[in-house]
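Below: model11.txt (compact mmCIF, C-alpha atoms)
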```txt
# COMPACT_ATOMS: atom_id res chain seq x y z
CA MET A 1 -3.27 -6.21 1.32
CA SER A 2 -3.64 -9.91 0.55
CA ALA A 3 -0.34 -10.62 2.33
CA LEU A 4 -1.58 -9.21 5.64
CA SER A 5 -2.72 -11.60 8.35
CA THR A 6 -6.06 -11.13 10.08
CA ARG A 7 -4.23 -9.89 13.19
CA GLU A 8 -2.34 -7.28 11.16
CA LYS A 9 -5.54 -6.13 9.46
CA LEU A 10 -7.20 -5.84 12.86
CA LYS A 11 -4.44 -3.61 14.19
CA ILE A 12 -4.73 -1.28 11.21
CA LEU A 13 -8.52 -1.17 10.88
CA ALA A 14 -9.34 -0.95 14.59
CA ASP A 15 -6.85 1.90 14.97
CA ALA A 16 -8.36 3.67 11.94
CA ALA A 17 -11.85 3.48 13.51
CA LYS A 18 -10.90 5.37 16.67
CA TYR A 19 -11.82 8.76 15.16
CA ASP A 20 -15.52 7.90 15.04
CA ALA A 21 -17.17 8.74 18.37
CA SER A 22 -20.73 7.63 17.66
CA CYS A 23 -20.68 4.09 19.01
CA ALA A 24 -22.87 3.83 22.11
CA SER A 25 -25.20 0.84 22.27
CA SER A 26 -28.23 2.21 24.09
CA GLY A 27 -31.90 2.08 23.28
CA THR A 28 -32.12 -1.12 21.28
CA THR A 29 -34.38 -4.16 21.63
CA LYS A 30 -33.56 -6.55 24.48
CA ARG A 31 -32.43 -9.91 23.09
CA ASP A 32 -30.53 -12.82 24.58
CA SER A 33 -29.77 -16.46 23.91
CA ARG A 34 -30.84 -17.94 27.25
CA ASP A 35 -33.40 -20.06 25.42
CA GLY A 36 -30.51 -22.12 24.05
CA LYS A 37 -30.89 -20.73 20.55
CA GLY A 38 -28.59 -18.32 18.76
CA ILE A 39 -25.59 -16.51 20.16
CA GLY A 40 -25.17 -13.18 21.90
CA SER A 41 -27.11 -10.62 23.87
CA THR A 42 -27.72 -6.89 23.75
CA GLU A 43 -27.27 -6.66 27.52
CA GLY A 44 -24.53 -7.49 29.98
CA MET A 45 -21.12 -6.28 31.05
CA GLY A 46 -17.77 -6.63 29.38
CA ILE A 47 -14.61 -4.81 28.32
CA CYS A 48 -15.65 -1.16 28.21
CA HIS A 49 -15.35 0.73 24.95
CA ALA A 50 -18.14 3.25 25.56
CA TYR A 51 -20.83 4.20 28.05
CA ALA A 52 -24.59 4.12 27.55
CA PRO A 53 -26.61 7.10 28.87
CA ASP A 54 -27.69 5.00 31.87
CA GLY A 55 -24.02 4.59 32.86
CA ARG A 56 -23.71 0.97 31.75
CA CYS A 57 -20.36 -0.10 30.34
CA ILE A 58 -20.68 -1.54 26.86
CA SER A 59 -18.04 -3.20 24.72
CA LEU A 60 -18.02 -3.16 20.94
CA LEU A 61 -15.69 -4.49 18.31
CA LYS A 62 -15.15 -1.15 16.56
CA ILE A 63 -13.48 -1.55 13.17
CA LEU A 64 -13.51 -0.42 9.57
CA LEU A 65 -14.23 -2.83 6.77
CA THR A 66 -11.41 -1.03 4.94
CA ASN A 67 -9.45 2.20 5.35
CA SER A 68 -9.09 2.60 1.60
CA CYS A 69 -11.31 5.33 0.19
CA ILE A 70 -12.07 6.93 -3.16
CA PHE A 71 -12.98 10.22 -1.42
CA ASP A 72 -10.44 12.86 -0.44
CA CYS A 73 -11.97 14.60 2.60
CA HIS A 74 -9.31 16.92 4.03
CA TYR A 75 -9.96 16.07 7.70
CA CYS A 76 -9.90 12.28 7.25
CA ILE A 77 -6.75 10.26 7.87
CA ASN A 78 -8.05 7.62 5.44
CA ARG A 79 -8.58 10.04 2.54
CA ARG A 80 -7.44 9.03 -0.92
CA SER A 81 -4.29 11.19 -0.81
CA SER A 82 -3.24 10.15 2.70
CA ASP A 83 -0.03 8.16 3.05
CA VAL A 84 -1.23 5.47 5.43
CA ARG A 85 -0.97 1.71 5.39
CA ARG A 86 -4.10 0.25 3.84
CA ALA A 87 -5.95 -2.92 4.74
CA ARG A 88 -9.28 -4.54 3.97
CA PHE A 89 -11.40 -7.22 5.60
CA THR A 90 -13.70 -9.54 3.73
CA ALA A 91 -17.25 -9.78 5.04
CA ARG A 92 -16.51 -13.34 6.20
CA GLU A 93 -13.48 -12.19 8.21
CA VAL A 94 -15.54 -9.55 10.07
CA VAL A 95 -18.21 -12.14 10.86
CA ASP A 96 -15.64 -14.62 12.16
CA LEU A 97 -13.89 -11.96 14.26
CA THR A 98 -17.16 -10.81 15.81
CA LEU A 99 -18.21 -14.32 16.76
CA SER A 100 -14.74 -15.24 18.03
CA PHE A 101 -14.47 -12.13 20.20
CA TYR A 102 -17.99 -12.59 21.54
CA ARG A 103 -17.38 -16.20 22.52
CA ARG A 104 -14.30 -15.05 24.48
CA ASN A 105 -16.47 -12.45 26.27
CA TYR A 106 -14.42 -9.55 24.86
CA ILE A 107 -17.38 -7.73 23.27
CA GLU A 108 -21.14 -7.28 23.33
CA GLY A 109 -21.54 -6.24 19.73
CA LEU A 110 -20.13 -4.77 16.54
CA PHE A 111 -19.64 -1.21 15.32
CA LEU A 112 -18.78 -1.35 11.62
CA SER A 113 -17.79 1.56 9.41
CA SER A 114 -15.79 1.74 6.21
CA GLY A 115 -14.02 3.85 3.66
CA ILE A 116 -15.62 3.89 0.22
CA ILE A 117 -14.15 1.34 -2.20
CA ARG A 118 -15.21 0.91 -5.85
CA SER A 119 -18.54 2.63 -5.21
CA SER A 120 -20.96 3.51 -2.42
CA ASP A 121 -23.26 0.63 -3.41
CA TYR A 122 -20.46 -1.95 -3.45
CA THR A 123 -19.20 -0.89 -0.02
CA MET A 124 -22.68 -0.83 1.47
CA GLU A 125 -23.38 -4.31 0.04
CA GLN A 126 -20.35 -5.68 1.92
CA MET A 127 -21.42 -4.09 5.20
CA VAL A 128 -24.99 -5.35 4.85
CA GLU A 129 -23.63 -8.82 4.11
CA VAL A 130 -21.75 -8.78 7.43
CA ALA A 131 -24.92 -7.92 9.36
CA ARG A 132 -27.07 -10.37 7.34
CA SER A 133 -24.66 -13.24 7.88
CA LEU A 134 -24.41 -12.60 11.62
CA ARG A 135 -28.18 -12.48 12.02
CA GLU A 136 -29.33 -15.15 9.57
CA ASP A 137 -26.42 -17.60 9.27
CA HIS A 138 -25.32 -17.49 12.92
CA ASP A 139 -28.44 -16.21 14.73
CA PHE A 140 -26.32 -13.51 16.39
CA ARG A 141 -28.42 -11.59 18.92
CA GLY A 142 -25.84 -9.07 20.07
CA TYR A 143 -25.74 -5.39 19.15
CA ILE A 144 -24.90 -4.25 15.60
CA HIS A 145 -24.30 -0.62 14.61
CA LEU A 146 -23.67 0.13 10.94
CA LYS A 147 -22.24 3.41 9.70
CA THR A 148 -24.25 3.80 6.51
CA ILE A 149 -23.35 5.54 3.26
CA PRO A 150 -25.82 8.24 2.14
CA ASP A 151 -25.06 7.78 -1.57
CA ALA A 152 -25.91 4.07 -1.48
CA ASP A 153 -29.06 2.63 -3.05
CA PRO A 154 -32.13 3.10 -0.77
CA GLU A 155 -32.81 -0.64 -0.85
CA LEU A 156 -29.38 -1.27 0.67
CA LEU A 157 -30.12 1.20 3.46
CA ARG A 158 -33.42 -0.60 4.05
CA GLN A 159 -31.64 -3.95 4.28
CA ALA A 160 -29.12 -2.44 6.71
CA GLY A 161 -31.95 -1.29 8.99
CA LEU A 162 -33.55 -4.74 9.01
CA HIS A 163 -30.37 -6.33 10.40
CA ALA A 164 -28.74 -3.58 12.48
CA ASP A 165 -29.84 -2.16 15.84
CA ARG A 166 -28.66 1.34 15.03
CA LEU A 167 -27.75 3.16 11.82
CA SER A 168 -25.78 6.36 11.57
CA ILE A 169 -24.75 8.80 8.88
CA ASN A 170 -22.20 11.45 9.76
CA VAL A 171 -23.08 15.01 8.74
CA GLU A 172 -19.34 15.55 9.26
CA LEU A 173 -19.34 19.36 9.64
CA PRO A 174 -21.87 21.78 11.14
CA THR A 175 -22.32 24.02 8.09
CA GLU A 176 -22.73 23.49 4.35
CA PRO A 177 -19.87 25.91 3.49
CA GLY A 178 -17.57 23.95 5.80
CA LEU A 179 -18.57 20.67 4.17
CA LYS A 180 -18.00 22.04 0.66
CA ARG A 181 -14.57 23.34 1.65
CA LEU A 182 -13.28 20.30 3.52
CA ALA A 183 -15.26 17.46 1.90
CA PRO A 184 -16.17 18.66 -1.61
CA GLU A 185 -17.22 15.18 -2.76
CA LYS A 186 -19.95 14.98 -0.10
CA ASP A 187 -23.34 16.65 -0.38
CA GLY A 188 -25.20 17.86 2.70
CA ARG A 189 -28.57 17.52 0.96
CA ARG A 190 -27.91 13.85 0.13
CA ILE A 191 -26.84 13.19 3.72
CA GLU A 192 -30.03 14.69 5.15
CA GLY A 193 -32.06 13.01 2.42
CA ALA A 194 -30.76 9.61 3.56
CA MET A 195 -31.55 10.54 7.18
CA ALA A 196 -35.10 11.47 6.19
CA GLN A 197 -35.44 8.17 4.35
CA MET A 198 -34.33 6.22 7.41
CA ARG A 199 -36.77 8.10 9.62
CA SER A 200 -39.55 7.31 7.17
CA GLN A 201 -38.64 3.61 7.23
CA MET A 202 -38.64 3.64 11.03
CA ASP A 203 -42.07 5.27 11.10
CA ASP A 204 -43.48 2.82 8.54
CA MET A 205 -42.10 -0.22 10.36
CA GLY A 206 -43.35 1.17 13.67
CA ASP A 207 -46.85 1.51 12.25
CA ALA A 208 -46.66 -2.01 10.84
CA ARG A 209 -45.62 -3.47 14.21
CA ARG A 210 -48.53 -1.78 15.92
CA LYS A 211 -50.87 -3.58 13.51
CA TYR A 212 -49.00 -6.83 13.00
CA ARG A 213 -47.14 -8.39 15.91
CA HIS A 214 -44.52 -10.17 13.80
CA ALA A 215 -43.71 -7.31 11.43
CA PRO A 216 -39.92 -6.83 11.17
CA ARG A 217 -38.17 -4.15 13.20
CA PHE A 218 -36.16 -1.42 11.50
CA ALA A 219 -33.13 -0.07 13.41
CA PRO A 220 -34.83 -0.31 16.83
CA ALA A 221 -32.08 1.80 18.45
CA GLY A 222 -32.70 4.61 15.95
CA GLN A 223 -30.13 6.67 14.10
CA SER A 224 -27.32 8.98 15.16
CA THR A 225 -24.76 11.29 13.60
CA GLN A 226 -21.45 12.98 14.34
CA MET A 227 -20.07 16.48 13.82
CA ILE A 228 -16.41 17.46 13.83
CA VAL A 229 -15.80 20.50 16.04
CA GLY A 230 -13.02 22.97 15.28
CA ALA A 231 -12.06 21.88 11.76
CA ASP A 232 -13.96 24.78 10.20
CA ALA A 233 -15.03 28.25 11.33
CA ALA A 234 -18.44 27.24 12.73
CA ASP A 235 -19.02 28.56 16.26
CA ASP A 236 -20.93 26.79 19.03
CA ARG A 237 -24.07 28.79 18.30
CA ALA A 238 -24.19 27.37 14.77
CA ILE A 239 -23.44 23.85 16.03
CA ILE A 240 -26.25 24.00 18.62
CA GLN A 241 -28.76 25.23 16.03
CA ARG A 242 -27.71 22.50 13.56
CA ALA A 243 -27.98 19.78 16.19
CA SER A 244 -31.43 20.99 17.24
CA GLY A 245 -32.59 20.97 13.62
CA LEU A 246 -31.35 17.41 13.12
CA TYR A 247 -33.15 16.24 16.26
CA ASP A 248 -36.39 17.89 15.14
CA ARG A 249 -36.33 16.80 11.49
CA HIS A 250 -35.02 13.27 11.83
CA ARG A 251 -35.68 12.33 15.47
CA LEU A 252 -32.06 11.33 16.01
CA ARG A 253 -31.16 9.42 19.15
CA ARG A 254 -27.83 11.19 19.50
CA VAL A 255 -25.66 13.85 17.94
CA TYR A 256 -22.03 13.12 18.77
CA TYR A 257 -19.34 15.80 18.81
CA SER A 258 -15.72 15.09 18.03
CA ALA A 259 -13.06 17.72 18.64
CA PHE A 260 -10.85 18.00 15.57
CA SER A 261 -7.54 16.28 16.13
CA PRO A 262 -4.57 16.94 13.83
CA ILE A 263 -3.75 13.93 11.68
CA PRO A 264 -0.49 12.78 10.08
CA SER A 265 0.33 14.54 6.78
CA PRO A 266 -2.49 17.06 7.24
CA SER A 267 -4.05 19.04 4.40
CA SER A 268 -2.99 22.68 4.15
CA VAL A 269 -6.60 23.88 4.55
CA LEU A 270 -6.93 22.41 8.06
CA PRO A 271 -6.28 24.51 11.17
CA LEU A 272 -2.84 24.14 12.68
CA LYS A 273 -4.14 23.97 16.25
CA ARG A 274 -6.79 21.67 17.67
CA PRO A 275 -9.65 23.19 19.66
CA PRO A 276 -9.78 22.77 23.45
CA LEU A 277 -11.22 19.40 24.37
CA MET A 278 -13.31 21.28 26.93
CA ARG A 279 -15.22 22.81 23.98
CA GLU A 280 -16.40 19.34 22.98
CA HIS A 281 -17.43 18.69 26.59
CA ARG A 282 -19.45 21.93 26.75
CA LEU A 283 -21.29 20.99 23.55
CA TYR A 284 -22.24 17.64 25.05
CA GLN A 285 -23.56 19.51 28.10
CA SER A 286 -25.59 21.82 25.84
CA ASP A 287 -26.93 18.74 24.06
CA TRP A 288 -28.06 17.31 27.41
CA MET A 289 -29.80 20.61 28.22
CA MET A 290 -31.93 20.33 25.07
CA ARG A 291 -32.65 16.62 25.40
CA PHE A 292 -33.28 16.25 29.14
CA TYR A 293 -33.66 19.67 30.76
CA GLY A 294 -36.26 21.31 28.54
CA TYR A 295 -34.13 24.10 27.05
CA SER A 296 -34.76 25.25 23.49
CA ALA A 297 -31.87 25.66 21.07
CA ALA A 298 -32.33 29.44 21.23
CA GLU A 299 -32.03 29.39 25.03
CA VAL A 300 -28.86 27.30 24.95
CA ALA A 301 -27.41 29.53 22.22
CA ALA A 302 -28.12 32.52 24.48
CA ALA A 303 -25.51 31.13 26.90
CA THR A 304 -22.76 31.60 24.30
CA ASP A 305 -20.37 34.55 24.27
CA ARG A 306 -21.81 37.44 22.28
CA ASP A 307 -18.58 38.08 20.38
CA SER A 308 -17.12 34.60 19.79
CA GLY A 309 -20.42 32.69 19.55
CA CYS A 310 -18.90 29.91 21.69
CA LEU A 311 -19.88 28.53 25.07
CA PRO A 312 -17.66 29.60 27.99
CA LEU A 313 -14.99 27.08 28.89
CA ASP A 314 -14.69 27.98 32.58
CA ILE A 315 -18.35 27.35 33.53
CA ASP A 316 -20.96 24.93 32.24
CA PRO A 317 -23.66 26.24 29.86
CA LYS A 318 -26.46 25.72 32.40
CA LEU A 319 -24.72 28.03 34.85
CA ALA A 320 -23.95 30.48 32.05
CA TRP A 321 -27.65 30.63 31.17
CA ALA A 322 -28.65 31.12 34.82
CA LEU A 323 -26.19 34.00 35.24
CA GLN A 324 -27.71 35.71 32.21
CA HIS A 325 -31.25 35.20 33.57
CA ARG A 326 -30.87 36.23 37.19
CA ALA A 327 -34.49 37.43 37.29
CA SER A 328 -35.68 33.80 37.09
CA PHE A 329 -33.97 32.95 40.39
CA PRO A 330 -33.91 32.04 43.23
CA VAL A 331 -36.24 29.03 42.92
CA ASP A 332 -38.07 27.63 45.93
CA VAL A 333 -37.24 23.91 46.17
CA ASN A 334 -40.41 23.30 48.20
CA HIS A 335 -42.86 24.84 45.71
CA ALA A 336 -41.26 25.31 42.26
CA PRO A 337 -42.44 23.12 39.37
CA ARG A 338 -40.14 20.48 37.93
CA GLU A 339 -39.26 22.50 34.81
CA MET A 340 -37.86 25.34 36.97
CA LEU A 341 -35.97 23.05 39.32
CA LEU A 342 -34.27 21.52 36.28
CA ARG A 343 -32.86 24.97 35.48
CA VAL A 344 -31.09 25.36 38.81
CA PRO A 345 -27.33 24.98 38.18
CA GLY A 346 -26.00 21.87 39.89
CA LEU A 347 -29.31 20.00 40.05
CA GLY A 348 -29.54 17.00 37.76
CA VAL A 349 -32.62 15.10 36.65
CA LYS A 350 -32.29 12.44 39.37
CA ALA A 351 -31.77 15.08 42.08
CA VAL A 352 -34.86 16.98 40.95
CA ASP A 353 -36.97 13.82 40.96
CA ARG A 354 -35.80 13.06 44.51
CA ILE A 355 -36.63 16.61 45.61
CA LEU A 356 -40.14 16.26 44.20
CA ALA A 357 -40.60 12.93 45.97
CA SER A 358 -39.18 14.15 49.31
CA ARG A 359 -41.07 17.43 49.53
CA ARG A 360 -44.39 15.57 49.56
CA HIS A 361 -43.56 14.49 53.10
CA ARG A 362 -41.70 17.49 54.58
CA ARG A 363 -40.23 20.88 53.87
CA LEU A 364 -36.67 20.59 52.58
CA ARG A 365 -33.78 22.42 54.21
CA LEU A 366 -30.52 23.41 52.51
CA GLU A 367 -28.70 20.45 54.02
CA ASP A 368 -31.31 18.12 52.48
CA VAL A 369 -30.59 19.52 49.01
CA ALA A 370 -26.84 19.30 49.66
CA ARG A 371 -27.10 15.53 50.00
CA LEU A 372 -28.38 15.31 46.43
CA THR A 373 -25.55 17.19 44.70
CA THR A 374 -21.77 17.25 44.64
CA SER A 375 -21.44 20.99 45.38
CA ILE A 376 -23.91 23.12 47.29
CA VAL A 377 -21.81 26.24 46.60
CA LYS A 378 -23.11 26.51 43.03
CA LEU A 379 -26.72 26.03 44.12
CA ARG A 380 -26.98 28.48 47.03
CA PRO A 381 -27.47 31.69 44.98
CA PHE A 382 -30.22 30.09 42.90
CA LEU A 383 -32.56 28.39 45.38
CA ILE A 384 -34.71 28.98 48.44
CA ALA A 385 -35.11 26.30 51.10
CA ALA A 386 -36.96 26.13 54.41
CA ASP A 387 -33.93 27.59 56.22
CA TRP A 388 -32.24 29.44 53.37
CA ARG A 389 -32.98 32.61 51.41
CA PRO A 390 -29.98 34.03 49.49
CA VAL A 391 -30.91 37.72 49.68
CA GLN A 392 -27.43 39.22 49.69
CA LEU A 393 -25.77 36.42 47.72
CA ALA A 394 -28.32 36.49 44.88
CA ASP A 395 -27.96 40.26 44.47
CA ARG A 396 -24.16 40.31 44.30
CA VAL A 397 -22.86 42.09 41.23
CA ASP A 398 -19.76 39.88 41.17
CA LEU A 399 -21.68 36.60 41.45
CA SER A 400 -20.42 35.50 38.06
CA ALA A 401 -16.79 35.97 39.10
CA GLN A 402 -17.41 34.13 42.37
CA LEU A 403 -18.73 31.05 40.58
CA ARG A 404 -16.22 30.95 37.76
CA ARG A 405 -12.98 29.04 37.86
CA PRO A 406 -9.96 29.40 35.56
CA ALA A 407 -10.51 27.69 32.23
CA ALA A 408 -8.43 24.54 31.90
CA GLN A 409 -7.19 23.16 28.60
CA LEU A 410 -7.88 19.45 28.65
CA GLU A 411 -5.49 17.48 26.52
CA LEU A 412 -6.58 14.81 24.10
CA PRO A 413 -5.23 11.46 25.25
CA LYS A 414 -2.27 10.19 23.32
CA LYS A 415 -3.45 7.86 20.58
CA GLN A 416 -2.40 4.35 21.48
CA PRO A 417 -1.99 1.61 18.90
CA TYR A 418 -4.74 -0.97 19.02
CA GLN A 419 -3.83 -3.98 21.14
CA VAL A 420 -5.30 -7.25 19.93
CA PRO A 421 -6.80 -9.11 22.92
CA GLN A 422 -5.13 -12.38 23.85
CA ALA A 423 -7.27 -15.38 24.71
CA SER A 424 -7.18 -16.24 28.40
CA HIS A 425 -6.97 -19.80 29.71
CA ALA A 426 -8.51 -20.88 32.99
CA GLY A 427 -6.08 -22.54 35.30
```
Represent the structure of the file as C-alpha cells.
Amino acid sequence: MSALSTREKLKILADAAKYDASCASSGTTKRDSRDGKGIGSTEGMGICHAYAPDGRCISLLKILLTNSCIFDCHYCINRRSSDVRRARFTAREVVDLTLSFYRRNYIEGLFLSSGIIRSSDYTMEQMVEVARSLREDHDFRGYIHLKTIPDADPELLRQAGLHADRLSINVELPTEPGLKRLAPEKDGRRIEGAMAQMRSQMDDMGDARRKYRHAPRFAPAGQSTQMIVGADAADDRAIIQRASGLYDRHRLRRVYYSAFSPIPSPSSVLPLKRPPLMREHRLYQSDWMMRFYGYSAAEVAAATDRDSGCLPLDIDPKLAWALQHRASFPVDVNHAPREMLLRVPGLGVKAVDRILASRRHRRLRLEDVARLTTSIVKLRPFLIAADWRPVQLADRVDLSAQLRRPAAQLELPKKQPYQVPQASHAG
C-alpha cells in the first residue's frame, strides 16, 4: 500500500465506496465562510453526487479510509476473504484531499466510511481525527458525514457527533437471521444500541442548547442507516416493518435501501440473481408514504402481495393501497381534509397544498386538478371535482387492470471506474 500514489489510492477507495447509498446532505446547520473566516459551506451547487429531499444537487467526496477489513461479511466486496486490491489513506491525506477538492469547487463536503482495520476503536479514532482536523485545524464549514462503527468506544462516537453533521450506522440486513447468516461477526443488538446512544446524545445536546446558547451541537443533520435488499429472504413486508421500527425508536432522518448487486468472487451463500431495481424504488416510495403521507407501517404493508409479501412492481404502493381500499374513494377535492387528499394516487404533497390554497377562492374543476399532476388518468377514479363524478369508472371491476402497466425490469447501471477530477484552468 505504501507504494501507491494518492491518485491511485483515490481510484481504489472512491470506487469501493460506491456501494453505500446513504450519503445525502440534507437537514444540517447552515454555515458559510462569507465572513472571511474558515473555509467551506453547507449550501450551494456543485458536481452532483446525490440529491437532497428538496431536489437540490449536492456533491460529496465519497471515499473509504481503507478497503481493508478484519470482518468477512459475505455481501461485502471488501470482506477479509475478498481478492481485491487494497489501499489505505492516512487521516492527513483525507483532510488534504477534502480541502483541495473543495477549493477547486468539485465538492461541498465529505462522506467518509471505512473497513475495520486493527480494531473498531482504532479505525474510529482515524475517522474522528479527519473530522476534528477539518473543523479545528482548518475551520472547515462544509458538510461532513461519518459512517460510524457500532463496536467503537462510546466516547469516540460522541466525538464523531461533535464534529460531523450526520452520523450513520448501517443495520445492513432487515432481519436478525439474515444478519447472522451473512454477517456473523456483526450483532444487531450492538448496532441498535449504538443508534440508541446517538439518539440520547442528540436529545441531551438539544436540551443543553435550549438552555445555553453556545452549547455544542451533536450531529445536527441526525442519523441514518442502510439496508441491503434482496441478499437474504426478507420480503418487503418485513423491510417496511423494520424501517418503521427504526424511525420510531431512534428518530432516524432516513432509511436508505440498496438493491443487492452481485460482486466479484461472490460467496456461495449469496443469491445468484440480483433483485429487480424497481423493488428498491418501490421501497423508497413506501418510505415516503410513511414519512410524508401519513400512512402507518401496517397500512403500507397491506399494499404488499398476500403470497409473496412484496410490493407490486407494476404499480406504485400508494395506488396499490387505494385499489385495496376502494370504499375510501372517491374523494371530493373541494371538501376533503388534507389527510384524505394525500391518499389520492397521483397527488403529491405540493399538489395537495395547492389544492387547499386554491379551493378557498373557488370550486375546483377536473382541469384545475390536472394542471397540478403529470397524469390525470390515475386520479379520475379516485376524486370528485365540481364537474366530475366517476360513477361508472369508480365501480369498474377491472379498474385495477386498467391502471396497471407491464412490470419493467430496470437494470442497474454498469459500474464505472472512478475518474479523478482534473483541475481546470481559466483561459
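Using only C-alpha atoms, the residues found no farther than 10 Å from A:Glu155, other than those of its own chain fewer than 5 positions away, are Asp121, Ala160 and Gly161 of chain A.
Restricting the calculation to all atoms listed in the file, the smallest distance between A:Ala351 and any of A:Arg158, A:Arg363, A:Val333, A:Leu179 is found for A:Val333.
Note that atom CA of A:Leu162 and atom CA of A:Ala219 are 6.4 Å apart.
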- Selection near stretch 300-312 of chain A, 10 Å with all atoms listed in the file, sequence-local residues under 3 positions removed, as JSON, numbers by chain: {"A": [234, 235, 236, 237, 238, 239, 240, 241, 278, 279, 282, 283, 285, 286, 287, 289, 290, 295, 296, 297, 315, 316, 317, 318, 319, 320, 321, 322, 323, 324, 325, 404, 407]}
- Query: Do you know which residues are at most 12 Å from A:Pro216 counting all atoms listed in the file, after dropping those on the same chain fewer than 4 positions away, and could you put them as an MDAnalysis selection string?
  - Reply: chainID A and resid 158:159 161:164 201:202 204:212 220
- Item | Length of the atom CA of A:Leu61 to atom CA of A:Ile107 vector [Å] | 6.2 Å
- Message: Please compute the atom CA of A:Phe140-atom CA of A:His214 distance, one decimal, in Å.
- Response: 18.7 Å
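The closest residue to A:Asp137, picked from A:Arg7, A:Val95, A:Ala231, A:Ala152 and counting only C-alpha atoms, is A:Val95.
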- 12 Å contact set for A:Lys186, all atoms listed in the file, chain neighbours under 3 positions out, as a PyMOL selection string: chain A and resi 70-74+116+120+149-151+169-173+176-183+189-192
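Excluding A:Leu252 and any residue on its chain fewer than 5 positions from it, the residues at most 6 Å away by all atoms listed in the file are Gln223, Ser224 and Tyr247 of chain A.
Using only C-alpha atoms, the smallest distance between any of A:Val128, A:Ala327, A:Ile77, A:Leu60 and A:Arg92 comes from A:Val128.
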N, CA, C and O atoms modelled onto stretch 375-387 of chain A, as a PDB file, in the coordinates of the input:
```pdb
ATOM      1  N   SER A 375     -21.898  19.697  44.891  1.00  0.00           N
ATOM      2  CA  SER A 375     -21.440  20.990  45.380  1.00  0.00           C
ATOM      3  C   SER A 375     -22.619  21.899  45.651  1.00  0.00           C
ATOM      4  O   SER A 375     -23.322  22.305  44.730  1.00  0.00           O
ATOM      5  N   ILE A 376     -22.823  22.224  46.922  1.00  0.00           N
ATOM      6  CA  ILE A 376     -23.910  23.120  47.290  1.00  0.00           C
ATOM      7  C   ILE A 376     -23.554  24.574  47.010  1.00  0.00           C
ATOM      8  O   ILE A 376     -24.438  25.442  46.925  1.00  0.00           O
ATOM      9  N   VAL A 377     -22.254  24.867  46.829  1.00  0.00           N
ATOM     10  CA  VAL A 377     -21.810  26.240  46.600  1.00  0.00           C
ATOM     11  C   VAL A 377     -22.454  26.821  45.349  1.00  0.00           C
ATOM     12  O   VAL A 377     -22.911  27.970  45.344  1.00  0.00           O
ATOM     13  N   LYS A 378     -22.532  26.034  44.281  1.00  0.00           N
ATOM     14  CA  LYS A 378     -23.110  26.510  43.030  1.00  0.00           C
ATOM     15  C   LYS A 378     -24.613  26.746  43.164  1.00  0.00           C
ATOM     16  O   LYS A 378     -25.187  27.624  42.528  1.00  0.00           O
ATOM     17  N   LEU A 379     -25.258  25.952  44.017  1.00  0.00           N
ATOM     18  CA  LEU A 379     -26.720  26.030  44.120  1.00  0.00           C
ATOM     19  C   LEU A 379     -27.208  27.187  44.962  1.00  0.00           C
ATOM     20  O   LEU A 379     -28.272  27.753  44.693  1.00  0.00           O
ATOM     21  N   ARG A 380     -26.468  27.560  46.017  1.00  0.00           N
ATOM     22  CA  ARG A 380     -26.980  28.480  47.030  1.00  0.00           C
ATOM     23  C   ARG A 380     -27.534  29.799  46.476  1.00  0.00           C
ATOM     24  O   ARG A 380     -28.571  30.270  46.949  1.00  0.00           O
ATOM     25  N   PRO A 381     -26.899  30.422  45.462  1.00  0.00           N
ATOM     26  CA  PRO A 381     -27.470  31.690  44.980  1.00  0.00           C
ATOM     27  C   PRO A 381     -28.767  31.524  44.211  1.00  0.00           C
ATOM     28  O   PRO A 381     -29.464  32.508  43.965  1.00  0.00           O
ATOM     29  N   PHE A 382     -29.116  30.286  43.835  1.00  0.00           N
ATOM     30  CA  PHE A 382     -30.220  30.090  42.900  1.00  0.00           C
ATOM     31  C   PHE A 382     -31.432  29.396  43.518  1.00  0.00           C
ATOM     32  O   PHE A 382     -32.384  29.109  42.807  1.00  0.00           O
ATOM     33  N   LEU A 383     -31.407  29.102  44.807  1.00  0.00           N
ATOM     34  CA  LEU A 383     -32.560  28.390  45.380  1.00  0.00           C
ATOM     35  C   LEU A 383     -32.923  28.932  46.757  1.00  0.00           C
ATOM     36  O   LEU A 383     -32.116  29.551  47.460  1.00  0.00           O
ATOM     37  N   ILE A 384     -34.168  28.667  47.123  1.00  0.00           N
ATOM     38  CA  ILE A 384     -34.710  28.980  48.440  1.00  0.00           C
ATOM     39  C   ILE A 384     -35.107  27.656  49.088  1.00  0.00           C
ATOM     40  O   ILE A 384     -35.731  26.806  48.454  1.00  0.00           O
ATOM     41  N   ALA A 385     -34.726  27.482  50.334  1.00  0.00           N
ATOM     42  CA  ALA A 385     -35.110  26.300  51.100  1.00  0.00           C
ATOM     43  C   ALA A 385     -35.801  26.748  52.379  1.00  0.00           C
ATOM     44  O   ALA A 385     -35.952  27.947  52.634  1.00  0.00           O
ATOM     45  N   ALA A 386     -36.229  25.794  53.185  1.00  0.00           N
ATOM     46  CA  ALA A 386     -36.960  26.130  54.410  1.00  0.00           C
ATOM     47  C   ALA A 386     -36.125  27.000  55.339  1.00  0.00           C
ATOM     48  O   ALA A 386     -36.663  27.844  56.058  1.00  0.00           O
ATOM     49  N   ASP A 387     -34.809  26.824  55.338  1.00  0.00           N
ATOM     50  CA  ASP A 387     -33.930  27.590  56.220  1.00  0.00           C
ATOM     51  C   ASP A 387     -32.945  28.464  55.454  1.00  0.00           C
ATOM     52  O   ASP A 387     -31.931  28.883  55.995  1.00  0.00           O
TER      53      ASP A 387
END
```
